[in-house]
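Trainee: Sending over input.cif (mmCIF, C-alpha atoms and all ligand atoms).
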data_upload
loop_
_atom_site.label_atom_id
_atom_site.label_comp_id
_atom_site.auth_asym_id
_atom_site.auth_seq_id
_atom_site.Cartn_x
_atom_site.Cartn_y
_atom_site.Cartn_z
CA MET Z 1 81.70 88.40 51.40
CA ARG Z 2 82.49 84.95 50.00
CA GLN Z 3 81.40 81.85 51.88
CA ASN Z 4 83.89 80.58 54.45
CA GLU Z 5 85.84 83.85 54.23
CA ILE Z 6 88.05 84.77 57.19
CA CYS Z 7 86.12 87.54 58.86
CA PHE Z 8 86.94 90.17 61.47
CA ASP Z 9 83.44 91.38 62.27
CA GLY Z 10 83.35 92.77 65.79
CA ARG Z 11 87.14 92.65 66.15
CA VAL Z 12 89.26 95.66 67.08
CA ALA Z 13 92.76 95.90 65.62
CA ILE Z 14 95.72 98.17 66.30
CA VAL Z 15 98.28 98.45 63.51
CA THR Z 16 101.39 100.52 64.18
CA GLY Z 17 102.95 102.31 61.21
CA ALA Z 18 99.78 101.84 59.20
CA GLY Z 19 100.04 105.08 57.23
CA ASN Z 20 102.28 103.56 54.56
CA GLY Z 21 103.52 100.34 53.04
CA LEU Z 22 102.70 97.01 54.61
CA GLY Z 23 100.86 98.42 57.63
CA ARG Z 24 98.52 100.39 55.40
CA ASP Z 25 97.71 97.23 53.47
CA TYR Z 26 97.01 95.30 56.69
CA ALA Z 27 94.72 98.08 57.97
CA LEU Z 28 92.76 98.36 54.70
CA ASN Z 29 92.27 94.61 54.45
CA LEU Z 30 91.38 94.09 58.11
CA ALA Z 31 88.76 96.84 57.79
CA ARG Z 32 87.48 95.42 54.50
CA ARG Z 33 86.83 92.18 56.35
CA GLY Z 34 84.99 93.81 59.20
CA ALA Z 35 87.55 94.91 61.80
CA SER Z 36 87.52 98.32 63.45
CA VAL Z 37 91.07 99.60 63.09
CA VAL Z 38 93.33 102.02 64.95
CA VAL Z 39 95.58 103.36 62.19
CA ASN Z 40 98.67 104.42 64.09
CA ASP Z 41 101.34 106.41 62.28
CA LEU Z 42 103.76 109.10 63.37
CA GLY Z 43 104.47 110.26 59.83
CA VAL Z 44 108.22 109.89 59.41
CA ASP Z 45 110.55 109.10 56.53
CA THR Z 46 112.53 105.88 56.09
CA ARG Z 47 115.19 107.13 58.54
CA GLY Z 48 112.64 108.18 61.15
CA GLN Z 49 112.81 111.91 60.44
CA PRO Z 50 109.55 113.91 60.62
CA LEU Z 51 107.90 114.32 57.25
CA GLY Z 52 106.16 117.52 58.23
CA GLU Z 53 103.00 116.32 56.52
CA ASN Z 54 100.97 119.34 55.49
CA GLY Z 55 97.25 118.91 55.57
CA GLU Z 56 96.03 115.33 55.76
CA SER Z 57 98.40 112.87 57.45
CA ALA Z 58 99.20 109.42 56.06
CA ALA Z 59 97.17 107.86 58.89
CA GLN Z 60 94.17 110.11 58.19
CA LYS Z 61 94.31 109.21 54.50
CA VAL Z 62 94.11 105.52 55.36
CA VAL Z 63 91.21 106.18 57.73
CA ARG Z 64 89.40 108.14 55.00
CA GLU Z 65 89.98 105.28 52.55
CA ILE Z 66 88.53 102.80 55.04
CA GLU Z 67 85.55 105.00 55.83
CA SER Z 68 84.83 105.64 52.16
CA THR Z 69 84.05 101.94 51.73
CA GLY Z 70 81.92 101.75 54.86
CA GLY Z 71 84.64 100.54 57.23
CA LYS Z 72 85.47 101.72 60.74
CA ALA Z 73 88.82 103.27 61.70
CA VAL Z 74 90.43 106.02 63.75
CA ALA Z 75 93.81 107.66 63.23
CA CYS Z 76 96.34 107.87 66.04
CA HIS Z 77 99.48 109.94 65.51
CA GLU Z 78 101.30 109.00 68.70
CA SER Z 79 104.75 107.44 68.54
CA CYS Z 80 104.72 103.74 69.37
CA ALA Z 81 108.37 104.17 70.39
CA THR Z 82 107.61 105.77 73.76
CA ARG Z 83 105.88 104.46 76.87
CA GLU Z 84 103.33 107.34 76.77
CA GLY Z 85 102.73 106.90 73.05
CA GLY Z 86 102.15 103.16 73.45
CA SER Z 87 99.59 103.72 76.20
CA ALA Z 88 97.85 106.40 74.14
CA ILE Z 89 97.60 104.08 71.10
CA VAL Z 90 95.89 101.38 73.16
CA GLN Z 91 93.69 104.01 74.85
CA ALA Z 92 92.63 105.24 71.39
CA ALA Z 93 91.34 101.73 70.65
CA LEU Z 94 89.53 101.52 73.99
CA ASP Z 95 88.00 105.00 73.60
CA ALA Z 96 86.82 104.46 70.04
CA PHE Z 97 85.90 100.77 70.06
CA GLY Z 98 85.93 99.58 73.70
CA LYS Z 99 88.49 96.75 73.43
CA VAL Z 100 91.59 95.36 71.71
CA ASP Z 101 91.56 92.00 69.93
CA ILE Z 102 94.47 92.32 67.53
CA PHE Z 103 97.81 94.07 67.82
CA ILE Z 104 100.13 94.17 64.83
CA HIS Z 105 103.45 95.90 65.51
CA ASN Z 106 104.71 96.98 62.13
CA ALA Z 107 106.05 100.56 62.48
CA GLY Z 108 109.69 101.20 61.84
CA PHE Z 109 112.50 102.80 59.94
CA LEU Z 110 116.16 102.11 59.24
CA ARG Z 111 119.44 103.72 60.27
CA ASN Z 112 121.95 101.45 58.59
CA GLY Z 113 125.67 101.73 59.06
CA PRO Z 114 128.81 99.66 59.77
CA PHE Z 115 128.68 97.85 63.12
CA GLU Z 116 131.83 99.43 64.52
CA THR Z 117 130.66 103.01 63.95
CA GLN Z 118 126.97 102.81 64.81
CA THR Z 119 126.28 105.66 67.24
CA ASP Z 120 124.12 105.54 70.37
CA ALA Z 121 121.54 107.64 68.53
CA GLN Z 122 121.51 105.18 65.65
CA ILE Z 123 121.21 102.16 67.93
CA LYS Z 124 118.72 103.56 70.42
CA ALA Z 125 116.29 104.99 67.85
CA ILE Z 126 116.11 101.60 66.15
CA MET Z 127 115.71 99.72 69.46
CA ASP Z 128 112.93 102.14 70.47
CA VAL Z 129 110.82 101.90 67.35
CA HIS Z 130 111.23 98.19 66.62
CA LEU Z 131 111.87 96.41 69.93
CA LEU Z 132 110.71 98.69 72.75
CA ALA Z 133 107.50 99.61 70.95
CA GLY Z 134 106.66 95.91 71.21
CA PHE Z 135 106.61 96.48 74.99
CA TYR Z 136 105.15 99.99 75.00
CA VAL Z 137 102.09 99.08 72.91
CA GLY Z 138 102.21 95.37 73.65
CA GLN Z 139 101.90 95.59 77.44
CA PRO Z 140 98.68 97.68 77.59
CA ALA Z 141 97.31 95.77 74.58
CA PHE Z 142 98.02 92.44 76.35
CA ALA Z 143 96.28 93.72 79.51
CA ALA Z 144 93.22 94.74 77.48
CA MET Z 145 93.16 91.38 75.66
CA LYS Z 146 93.45 89.50 78.94
CA ARG Z 147 90.28 91.19 80.18
CA ASN Z 148 88.36 89.58 77.29
CA GLY Z 149 90.20 86.27 77.21
CA TYR Z 150 91.14 86.73 73.57
CA GLY Z 151 94.00 88.20 71.60
CA ARG Z 152 96.14 87.94 68.51
CA ILE Z 153 99.56 89.59 68.54
CA LEU Z 154 101.86 89.79 65.54
CA MET Z 155 105.34 91.26 65.77
CA THR Z 156 107.14 92.21 62.57
CA SER Z 157 110.60 90.72 62.60
CA SER Z 158 112.90 90.45 59.61
CA ALA Z 159 115.07 88.16 57.53
CA SER Z 160 117.92 90.54 58.40
CA ALA Z 161 117.55 89.41 62.02
CA PHE Z 162 117.17 85.67 61.52
CA PHE Z 163 119.60 85.29 58.62
CA GLY Z 164 121.92 88.32 58.74
CA MET Z 165 122.55 91.50 56.79
CA PRO Z 166 125.64 93.75 56.95
CA TRP Z 167 125.20 97.32 58.20
CA GLN Z 168 122.02 96.36 60.04
CA ALA Z 169 123.41 95.34 63.45
CA ASN Z 170 121.03 97.74 65.23
CA TYR Z 171 118.00 96.68 63.20
CA ALA Z 172 118.80 92.95 63.29
CA ALA Z 173 119.33 92.97 67.05
CA ALA Z 174 116.04 94.82 67.63
CA LYS Z 175 114.12 92.57 65.25
CA LEU Z 176 115.51 89.38 66.77
CA GLY Z 177 114.67 90.82 70.18
CA LEU Z 178 111.06 90.79 69.01
CA ALA Z 179 111.40 87.03 68.50
CA GLY Z 180 112.25 86.63 72.17
CA LEU Z 181 109.30 88.83 73.02
CA VAL Z 182 106.98 86.65 70.92
CA ASN Z 183 108.23 83.51 72.68
CA ALA Z 184 107.51 84.94 76.14
CA ILE Z 185 104.16 86.51 75.23
CA ALA Z 186 102.99 83.29 73.58
CA LEU Z 187 103.69 81.31 76.76
CA GLU Z 188 102.21 83.93 79.10
CA GLY Z 189 99.19 84.54 76.87
CA LYS Z 190 98.22 80.90 76.33
CA SER Z 191 95.94 80.57 79.34
CA HIS Z 192 94.23 83.88 78.43
CA GLY Z 193 93.41 82.99 74.83
CA ILE Z 194 96.17 85.24 73.57
CA GLN Z 195 98.38 84.03 70.71
CA ALA Z 196 101.60 85.66 69.58
CA ASN Z 197 103.55 85.10 66.38
CA GLY Z 198 106.30 86.78 64.39
CA LEU Z 199 106.52 87.72 60.73
CA LEU Z 200 109.45 88.04 58.32
CA PRO Z 201 107.97 89.98 55.41
CA ALA Z 202 109.33 91.13 52.07
CA GLY Z 203 106.92 93.57 50.55
CA SER Z 204 106.86 96.80 48.62
CA GLY Z 205 106.73 99.13 51.60
CA ARG Z 206 109.29 101.91 51.65
CA LEU Z 207 111.74 99.83 53.70
CA GLY Z 208 111.55 96.87 51.35
CA ARG Z 209 112.32 98.84 48.22
CA GLY Z 210 115.92 99.40 49.32
CA ASP Z 211 115.94 102.57 47.26
CA GLY Z 212 118.64 105.23 47.14
CA GLU Z 213 117.74 106.52 50.60
CA MET Z 214 119.20 103.43 52.28
CA ASP Z 215 122.82 103.00 53.30
CA TRP Z 216 124.47 99.72 52.33
CA PRO Z 217 128.07 98.54 52.12
CA GLU Z 218 129.69 98.79 48.74
CA GLY Z 219 129.52 95.60 46.72
CA LEU Z 220 126.52 94.19 48.62
CA MET Z 221 124.53 93.87 45.43
CA ALA Z 222 127.03 91.29 44.14
CA ALA Z 223 125.52 88.84 46.66
CA VAL Z 224 122.03 89.21 45.18
CA PRO Z 225 121.20 86.01 43.26
CA ASP Z 226 120.55 86.03 39.52
CA GLY Z 227 116.90 85.81 38.61
CA MET Z 228 115.52 88.35 41.08
CA GLU Z 229 113.56 89.86 38.19
CA MET Z 230 111.57 86.61 38.00
CA ILE Z 231 110.30 86.92 41.57
CA ALA Z 232 109.99 90.72 41.59
CA PRO Z 233 106.26 90.62 40.72
CA CYS Z 234 105.66 88.79 44.03
CA MET Z 235 107.68 91.26 46.13
CA ARG Z 236 104.50 93.13 46.88
CA ASN Z 237 102.40 93.80 49.93
CA ALA Z 238 99.62 91.70 48.39
CA TYR Z 239 101.87 88.67 48.92
CA VAL Z 240 102.40 89.45 52.62
CA THR Z 241 99.00 90.60 53.84
CA PRO Z 242 97.22 87.22 53.41
CA MET Z 243 99.67 85.60 55.85
CA VAL Z 244 99.16 88.45 58.31
CA LEU Z 245 95.38 88.26 58.12
CA TRP Z 246 95.50 84.51 58.65
CA LEU Z 247 97.79 84.78 61.69
CA VAL Z 248 95.62 87.39 63.44
CA SER Z 249 92.35 85.64 62.64
CA GLU Z 250 90.21 83.74 65.11
CA ARG Z 251 90.48 80.63 62.93
CA CYS Z 252 94.27 80.54 63.31
CA LYS Z 253 95.24 78.48 66.36
CA THR Z 254 98.98 78.82 65.82
CA SER Z 255 101.05 80.61 68.42
CA HIS Z 256 104.73 80.92 69.34
CA SER Z 257 105.77 80.69 65.69
CA PHE Z 258 107.56 82.67 63.00
CA TYR Z 259 106.63 82.82 59.35
CA SER Z 260 108.27 84.27 56.30
CA ALA Z 261 106.10 85.81 53.59
CA THR Z 262 108.62 86.50 50.87
CA ALA Z 263 108.15 86.76 47.10
CA GLY Z 264 105.15 84.45 47.07
CA ARG Z 265 106.66 81.82 49.35
CA PHE Z 266 105.14 81.26 52.76
CA ALA Z 267 107.39 79.33 55.12
CA LYS Z 268 107.86 78.52 58.77
CA ILE Z 269 111.09 79.89 60.23
CA PHE Z 270 112.19 78.08 63.35
CA ILE Z 271 114.87 77.71 65.93
CA GLY Z 272 116.07 74.18 66.56
CA ALA Z 273 118.60 72.29 68.61
CA THR Z 274 120.58 69.52 66.93
CA GLN Z 275 120.74 66.10 68.52
CA GLY Z 276 124.29 67.13 69.34
CA TRP Z 277 127.01 65.23 71.13
CA LEU Z 278 126.52 63.84 74.62
CA SER Z 279 129.60 64.19 76.78
CA ASP Z 280 130.58 61.90 79.61
CA PHE Z 281 128.35 62.71 82.57
CA ASP Z 282 131.00 62.03 85.22
CA THR Z 283 133.91 63.94 83.68
CA PRO Z 284 133.42 67.42 82.16
CA PRO Z 285 134.77 67.66 78.61
CA MET Z 286 137.92 69.48 77.52
CA PRO Z 287 137.85 72.08 74.71
CA GLU Z 288 139.61 69.46 72.56
CA ASP Z 289 136.65 67.09 73.08
CA ILE Z 290 134.34 69.80 71.76
CA GLU Z 291 136.64 70.27 68.76
CA ARG Z 292 136.63 66.53 68.03
CA HIS Z 293 132.84 66.30 68.15
CA MET Z 294 131.98 69.44 66.21
CA ALA Z 295 130.61 67.43 63.27
CA GLU Z 296 128.00 65.81 65.55
CA ILE Z 297 127.26 69.10 67.30
CA ASP Z 298 126.74 70.80 63.93
CA ASP Z 299 124.79 67.96 62.32
CA VAL Z 300 121.38 69.44 61.50
CA SER Z 301 119.95 66.22 60.05
CA THR Z 302 118.17 65.53 63.36
CA PHE Z 303 116.89 68.34 65.51
CA GLU Z 304 114.36 69.31 68.16
CA MET Z 305 112.35 72.51 68.34
CA PRO Z 306 112.13 73.44 72.05
CA HIS Z 307 109.07 75.53 72.92
CA ILE Z 308 110.12 76.44 76.43
CA VAL Z 309 113.52 76.32 78.13
CA PHE Z 310 112.67 72.98 79.81
CA ASP Z 311 112.03 71.27 76.46
CA GLU Z 312 115.75 71.28 75.75
CA PHE Z 313 116.35 69.00 78.73
CA ARG Z 314 113.97 66.25 77.56
CA PRO Z 315 116.13 64.69 74.82
CA ILE Z 316 119.21 65.04 77.02
CA ILE Z 317 117.48 63.15 79.83
CA ALA Z 318 116.28 60.51 77.34
CA ALA Z 319 119.79 60.06 75.90
CA HIS Z 320 121.30 59.85 79.36
CA ARG Z 321 118.70 57.31 80.44
CA ALA Z 322 119.35 55.20 77.31
CA ARG Z 323 123.07 55.29 78.00
CA LEU Z 324 122.59 54.20 81.61
CA GLU Z 325 120.27 51.37 80.57
CA LYS Z 326 122.82 50.22 78.00
CA LYS Z 327 125.53 50.27 80.64
CA GLY Z 328 123.29 48.46 83.11
CA GLY Z 329 122.26 45.88 80.51
N1 LIG Y 1 109.10 96.16 53.27
C1 LIG Y 1 109.80 95.07 53.43
O1 LIG Y 1 110.12 94.37 52.49
C2 LIG Y 1 110.22 94.63 54.80
C3 LIG Y 1 111.14 93.58 54.96
C4 LIG Y 1 111.45 93.14 56.27
C5 LIG Y 1 110.86 93.77 57.34
N2 LIG Y 1 110.01 94.84 57.13
C6 LIG Y 1 109.40 95.47 58.29
O2 LIG Y 1 108.03 95.68 58.01
C7 LIG Y 1 107.59 96.89 58.61
C8 LIG Y 1 106.95 97.80 57.57
O3 LIG Y 1 107.86 98.09 56.55
P1 LIG Y 1 107.44 99.04 55.32
O4 LIG Y 1 108.45 98.84 54.24
O5 LIG Y 1 106.01 98.86 55.00
O6 LIG Y 1 107.70 100.50 55.98
P2 LIG Y 1 107.15 101.94 55.57
O7 LIG Y 1 108.26 102.90 55.77
O8 LIG Y 1 106.50 101.91 54.23
O9 LIG Y 1 106.05 102.19 56.69
C9 LIG Y 1 106.40 102.26 58.04
C10 LIG Y 1 105.55 103.28 58.72
O10 LIG Y 1 105.92 103.34 60.12
C11 LIG Y 1 105.74 104.66 60.54
N3 LIG Y 1 106.48 104.91 61.79
C12 LIG Y 1 107.83 105.00 61.93
N4 LIG Y 1 108.14 105.25 63.20
C13 LIG Y 1 106.97 105.31 63.89
C14 LIG Y 1 106.65 105.50 65.25
N5 LIG Y 1 107.59 105.74 66.19
N6 LIG Y 1 105.34 105.45 65.63
C15 LIG Y 1 104.38 105.22 64.71
N7 LIG Y 1 104.63 105.05 63.40
C16 LIG Y 1 105.92 105.09 62.99
C17 LIG Y 1 106.23 105.50 59.38
O11 LIG Y 1 105.71 106.83 59.43
C18 LIG Y 1 105.71 104.70 58.18
O12 LIG Y 1 104.46 105.20 57.73
C19 LIG Y 1 108.82 97.48 59.30
O13 LIG Y 1 108.82 97.07 60.65
C20 LIG Y 1 109.97 96.85 58.56
O14 LIG Y 1 111.14 96.81 59.35
C21 LIG Y 1 109.69 95.26 55.90
#
What is this structure when it is put down as structure tokens?

Mentor:
Amino acid sequence: MRQNEICFDGRVAIVTGAGNGLGRDYALNLARRGASVVVNDLGVDTRGQPLGENGESAAQKVVREIESTGGKAVACHESCATREGGSAIVQAALDAFGKVDIFIHNAGFLRNGPFETQTDAQIKAIMDVHLLAGFYVGQPAFAAMKRNGYGRILMTSSASAFFGMPWQANYAAAKLGLAGLVNAIALEGKSHGIQANGLLPAGSGRLGRGDGEMDWPEGLMAAVPDGMEMIAPCMRNAYVTPMVLWLVSERCKTSHSFYSATAGRFAKIFIGATQGWLSDFDTPPMPEDIERHMAEIDDVSTFEMPHIVFDEFRPIIAAHRARLEKKGG
């Protein structure tokens, strides 16, 4: 190991959906740097249908790869998308390694389709595997972390959620739901040494390839910018995993944040409130007042980044106070 290398010796990590794609890369690299890893994977295709893996499962293959280089890992084939499965995944970590330090929720699949025709089955399956799994595995993992006063949680969100993508209403809603989950966990975990962050990756996992198996609206490709071939070499898992390893490391002190790891660019993604327009405090505004002030309301040149609901009130109180002082003076 190189000097000053980020190290996971003695740490126990759970990675959901670690049999393929990005999750596999996280598991291999965490183990390479000393972590004991629960490689969770149900073994499904990109639409969540059983693969019927004959012989060795994807999760077992990853475990064998880790063990062949002297690392420690166990496979867990439970679904993270059920309450029982989530508990069993965390129990697998406790049984094999005695604790949980790191939880990366990465498992998932897609069931794309136009918003107006998405069925309950389409919506619920996506909510279960992306959003609810964050609760099902996250709750027992959080409880285990709390016992040791240490934890690193990383939820996999998506650019589709933060920025938008047609035919992914189910997926985008679930993935943005994970952002809300991160915000709450980060606040609740702070006093227990537990940090929570979210990731917007673009890698070469099966879901990132956008191959023929995916359903997209006709003409979508026309919106793809010219020059994608230039950045294609960086659309690989190797350009996502370093950000993930950093965020779940002991050295990282960041929490309550979202980062994009896309095509070699690593960027903070944030939610902000513009300075906005301050209405008269004695007389409620009319809709026409809102219309007239939309430019100020929309002006993103000055903004705040609230980190708890109450933060939003601070600049409003300050502006109100300044206005009163001006009036008084
Ligand atoms: N690849 C990208 O570019 C990209 C972009 C944005 C977001 N993401 C997100 O990153 C994550 C990984 O994507 P990927 O492309 O590596 O996917 P992938 O299909 O290569 O791997 C996902 C794994 O999750 C497993 N899985 C599915 N349902 C499961 C369940 N209920 N329980 C346990 N395991 C289950 C699958 O068997 C599969 O091995 C997903 O959450 C995806 O939405 C990926």

Trainee: What does the structure give for the distance between atom CA of Pro225 of chain Z and atom CA of Lys175 of chain Z, in Å to one decimal?

Mentor: 24.0 Å

Trainee: Neighbouring residues of ligand LIG 1 (chain Y) are defined here as those with any atom at most 6 Å from a ligand atom, counting all atoms listed in the file; list them as number ranges by chain.

Mentor: Z: 16-23, 40-44, 46, 48, 79-81, 106-109, 129, 156, 158, 200-208

Trainee: Any chance you could export the current selection's C-alpha atoms as a compact mmCIF listing (two decimals), keeping the file's coordinate frame?

Mentor:
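What follows is the written file part-v9.txt:
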# COMPACT_ATOMS: atom_id res chain seq x y z
CA THR Z 16 101.39 100.52 64.18
CA GLY Z 17 102.95 102.31 61.21
CA ALA Z 18 99.78 101.84 59.20
CA GLY Z 19 100.04 105.08 57.23
CA ASN Z 20 102.28 103.56 54.56
CA GLY Z 21 103.52 100.34 53.04
CA LEU Z 22 102.70 97.01 54.61
CA GLY Z 23 100.86 98.42 57.63
CA ASN Z 40 98.67 104.42 64.09
CA ASP Z 41 101.34 106.41 62.28
CA LEU Z 42 103.76 109.10 63.37
CA GLY Z 43 104.47 110.26 59.83
CA VAL Z 44 108.22 109.89 59.41
CA THR Z 46 112.53 105.88 56.09
CA GLY Z 48 112.64 108.18 61.15
CA SER Z 79 104.75 107.44 68.54
CA CYS Z 80 104.72 103.74 69.37
CA ALA Z 81 108.37 104.17 70.39
CA ASN Z 106 104.71 96.98 62.13
CA ALA Z 107 106.05 100.56 62.48
CA GLY Z 108 109.69 101.20 61.84
CA PHE Z 109 112.50 102.80 59.94
CA VAL Z 129 110.82 101.90 67.35
CA THR Z 156 107.14 92.21 62.57
CA SER Z 158 112.90 90.45 59.61
CA LEU Z 200 109.45 88.04 58.32
CA PRO Z 201 107.97 89.98 55.41
CA ALA Z 202 109.33 91.13 52.07
CA GLY Z 203 106.92 93.57 50.55
CA SER Z 204 106.86 96.80 48.62
CA GLY Z 205 106.73 99.13 51.60
CA ARG Z 206 109.29 101.91 51.65
CA LEU Z 207 111.74 99.83 53.70
CA GLY Z 208 111.55 96.87 51.35

Trainee: List as a ChimeraX atom specification the protein and nucleic acid residues near Leu178 of chain Z, meaning an atom at most 7 Å away when all atoms listed in the file are counted, but skip any in the same chain fewer than 2 places from it.

Mentor: /Z:131,155,157,174-176,180-182

Trainee: I'd like the interatomic distance between atom CA of Arg11 of chain Z and atom CA of Ile269 of chain Z, to a tenth of an Å.

Mentor: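 Computing the Euclidean distance for atom CA of Arg11 of chain Z and atom CA of Ile269 of chain Z yields 27.8 Å.
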
Trainee: Go through Z:Ala161, Z:Ile126, Z:Ile66, Z:Ile14 one by one, measure the shortest atom-to-atom distance of each to Gln91 of chain Z using all atoms listed in the file, and give the residue with the smallest value.

Mentor: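 The closest residue to Gln91 of chain Z is Z:Ile14.
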
Trainee: Please determine, counting all atoms listed in the file, which residue among Z:Val309, Z:Val300, Z:Ala267, Z:Ile123 has the shortest atom-to-atom distance to Met243 of chain Z.

Mentor: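 The answer is Z:Ala267, which sits nearest to Met243 of chain Z.
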
Trainee: Could you jot down the atom CA of His256 of chain Z to atom CA of Ala125 of chain Z separation for me, Å, one decimal place?

Mentor: 26.7 Å

Trainee: Identify which of the residues Z:Gln195, Z:Gln49, Z:Ala92, Z:Leu28 lies closest to Arg251 of chain Z, counting only C-alpha atoms when measuring atom-to-atom distances.

Mentor: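 Nearest to Arg251 of chain Z: Z:Gln195.
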
Trainee: Residues around (98.4, 84.3, 75.1), cut-off 10 Å, counting all atoms listed in the file - what are they as an MDAnalysis selection string?

Mentor: chainID Z and resid 142 145:146 149:153 182 184:196 255:256

Trainee: From the list Z:Pro140, Z:Pro114, Z:Gly55, Z:Gly276, which residue is nearest Ile297 of chain Z when using all atoms listed in the file?

Mentor: Z:Gly276

Trainee: Have a look at Z:Ala179, Z:Ala141, Z:Leu220, Z:Met228 and name the one nearest to Leu94 of chain Z; count all atoms listed in the file.

Mentor: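 Among the listed residues, the smallest separation from Leu94 of chain Z belongs to Z:Ala141.
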
Trainee: Could you rebuild segment 158-176 of chain Z with N, CA and C atoms and give me the result as a PDB file, in the frame of the given file?

Mentor:
ATOM      1  N   SER Z 158     112.270  90.236  60.911  1.00  0.00           N
ATOM      2  CA  SER Z 158     112.900  90.450  59.610  1.00  0.00           C
ATOM      3  C   SER Z 158     113.894  89.347  59.277  1.00  0.00           C
ATOM      4  N   ALA Z 159     114.045  89.106  57.983  1.00  0.00           N
ATOM      5  CA  ALA Z 159     115.070  88.160  57.530  1.00  0.00           C
ATOM      6  C   ALA Z 159     116.460  88.656  57.916  1.00  0.00           C
ATOM      7  N   SER Z 160     116.622  89.971  57.991  1.00  0.00           N
ATOM      8  CA  SER Z 160     117.920  90.540  58.400  1.00  0.00           C
ATOM      9  C   SER Z 160     118.302  90.023  59.784  1.00  0.00           C
ATOM     10  N   ALA Z 161     117.305  89.853  60.647  1.00  0.00           N
ATOM     11  CA  ALA Z 161     117.550  89.410  62.020  1.00  0.00           C
ATOM     12  C   ALA Z 161     117.853  87.929  62.072  1.00  0.00           C
ATOM     13  N   PHE Z 162     117.025  87.129  61.422  1.00  0.00           N
ATOM     14  CA  PHE Z 162     117.170  85.670  61.520  1.00  0.00           C
ATOM     15  C   PHE Z 162     118.336  85.162  60.686  1.00  0.00           C
ATOM     16  N   PHE Z 163     118.600  85.829  59.544  1.00  0.00           N
ATOM     17  CA  PHE Z 163     119.600  85.290  58.620  1.00  0.00           C
ATOM     18  C   PHE Z 163     120.863  86.146  58.520  1.00  0.00           C
ATOM     19  N   GLY Z 164     120.740  87.446  58.783  1.00  0.00           N
ATOM     20  CA  GLY Z 164     121.920  88.320  58.740  1.00  0.00           C
ATOM     21  C   GLY Z 164     121.931  89.277  57.575  1.00  0.00           C
ATOM     22  N   MET Z 165     122.419  90.460  57.833  1.00  0.00           N
ATOM     23  CA  MET Z 165     122.550  91.500  56.790  1.00  0.00           C
ATOM     24  C   MET Z 165     123.588  92.503  57.280  1.00  0.00           C
ATOM     25  N   PRO Z 166     124.644  92.773  56.490  1.00  0.00           N
ATOM     26  CA  PRO Z 166     125.640  93.750  56.950  1.00  0.00           C
ATOM     27  C   PRO Z 166     125.031  95.149  57.063  1.00  0.00           C
ATOM     28  N   TRP Z 167     125.594  95.931  57.940  1.00  0.00           N
ATOM     29  CA  TRP Z 167     125.200  97.320  58.200  1.00  0.00           C
ATOM     30  C   TRP Z 167     123.833  97.429  58.869  1.00  0.00           C
ATOM     31  N   GLN Z 168     123.307  96.294  59.359  1.00  0.00           N
ATOM     32  CA  GLN Z 168     122.020  96.360  60.040  1.00  0.00           C
ATOM     33  C   GLN Z 168     122.108  95.748  61.438  1.00  0.00           C
ATOM     34  N   ALA Z 169     123.250  95.923  62.112  1.00  0.00           N
ATOM     35  CA  ALA Z 169     123.410  95.340  63.450  1.00  0.00           C
ATOM     36  C   ALA Z 169     122.319  95.859  64.391  1.00  0.00           C
ATOM     37  N   ASN Z 170     122.058  97.148  64.351  1.00  0.00           N
ATOM     38  CA  ASN Z 170     121.030  97.740  65.230  1.00  0.00           C
ATOM     39  C   ASN Z 170     119.650  97.143  64.922  1.00  0.00           C
ATOM     40  N   TYR Z 171     119.318  97.157  63.654  1.00  0.00           N
ATOM     41  CA  TYR Z 171     118.000  96.680  63.200  1.00  0.00           C
ATOM     42  C   TYR Z 171     117.840  95.180  63.454  1.00  0.00           C
ATOM     43  N   ALA Z 172     118.874  94.403  63.122  1.00  0.00           N
ATOM     44  CA  ALA Z 172     118.800  92.950  63.290  1.00  0.00           C
ATOM     45  C   ALA Z 172     118.656  92.573  64.753  1.00  0.00           C
ATOM     46  N   ALA Z 173     119.402  93.267  65.619  1.00  0.00           N
ATOM     47  CA  ALA Z 173     119.330  92.970  67.050  1.00  0.00           C
ATOM     48  C   ALA Z 173     117.935  93.295  67.583  1.00  0.00           C
ATOM     49  N   ALA Z 174     117.383  94.433  67.165  1.00  0.00           N
ATOM     50  CA  ALA Z 174     116.040  94.820  67.630  1.00  0.00           C
ATOM     51  C   ALA Z 174     114.999  93.828  67.114  1.00  0.00           C
ATOM     52  N   LYS Z 175     115.124  93.457  65.851  1.00  0.00           N
ATOM     53  CA  LYS Z 175     114.120  92.570  65.250  1.00  0.00           C
ATOM     54  C   LYS Z 175     114.210  91.149  65.812  1.00  0.00           C
ATOM     55  N   LEU Z 176     115.415  90.710  66.161  1.00  0.00           N
ATOM     56  CA  LEU Z 176     115.510  89.380  66.770  1.00  0.00           C
ATOM     57  C   LEU Z 176     115.061  89.444  68.230  1.00  0.00           C
TER      58      LEU Z 176
END
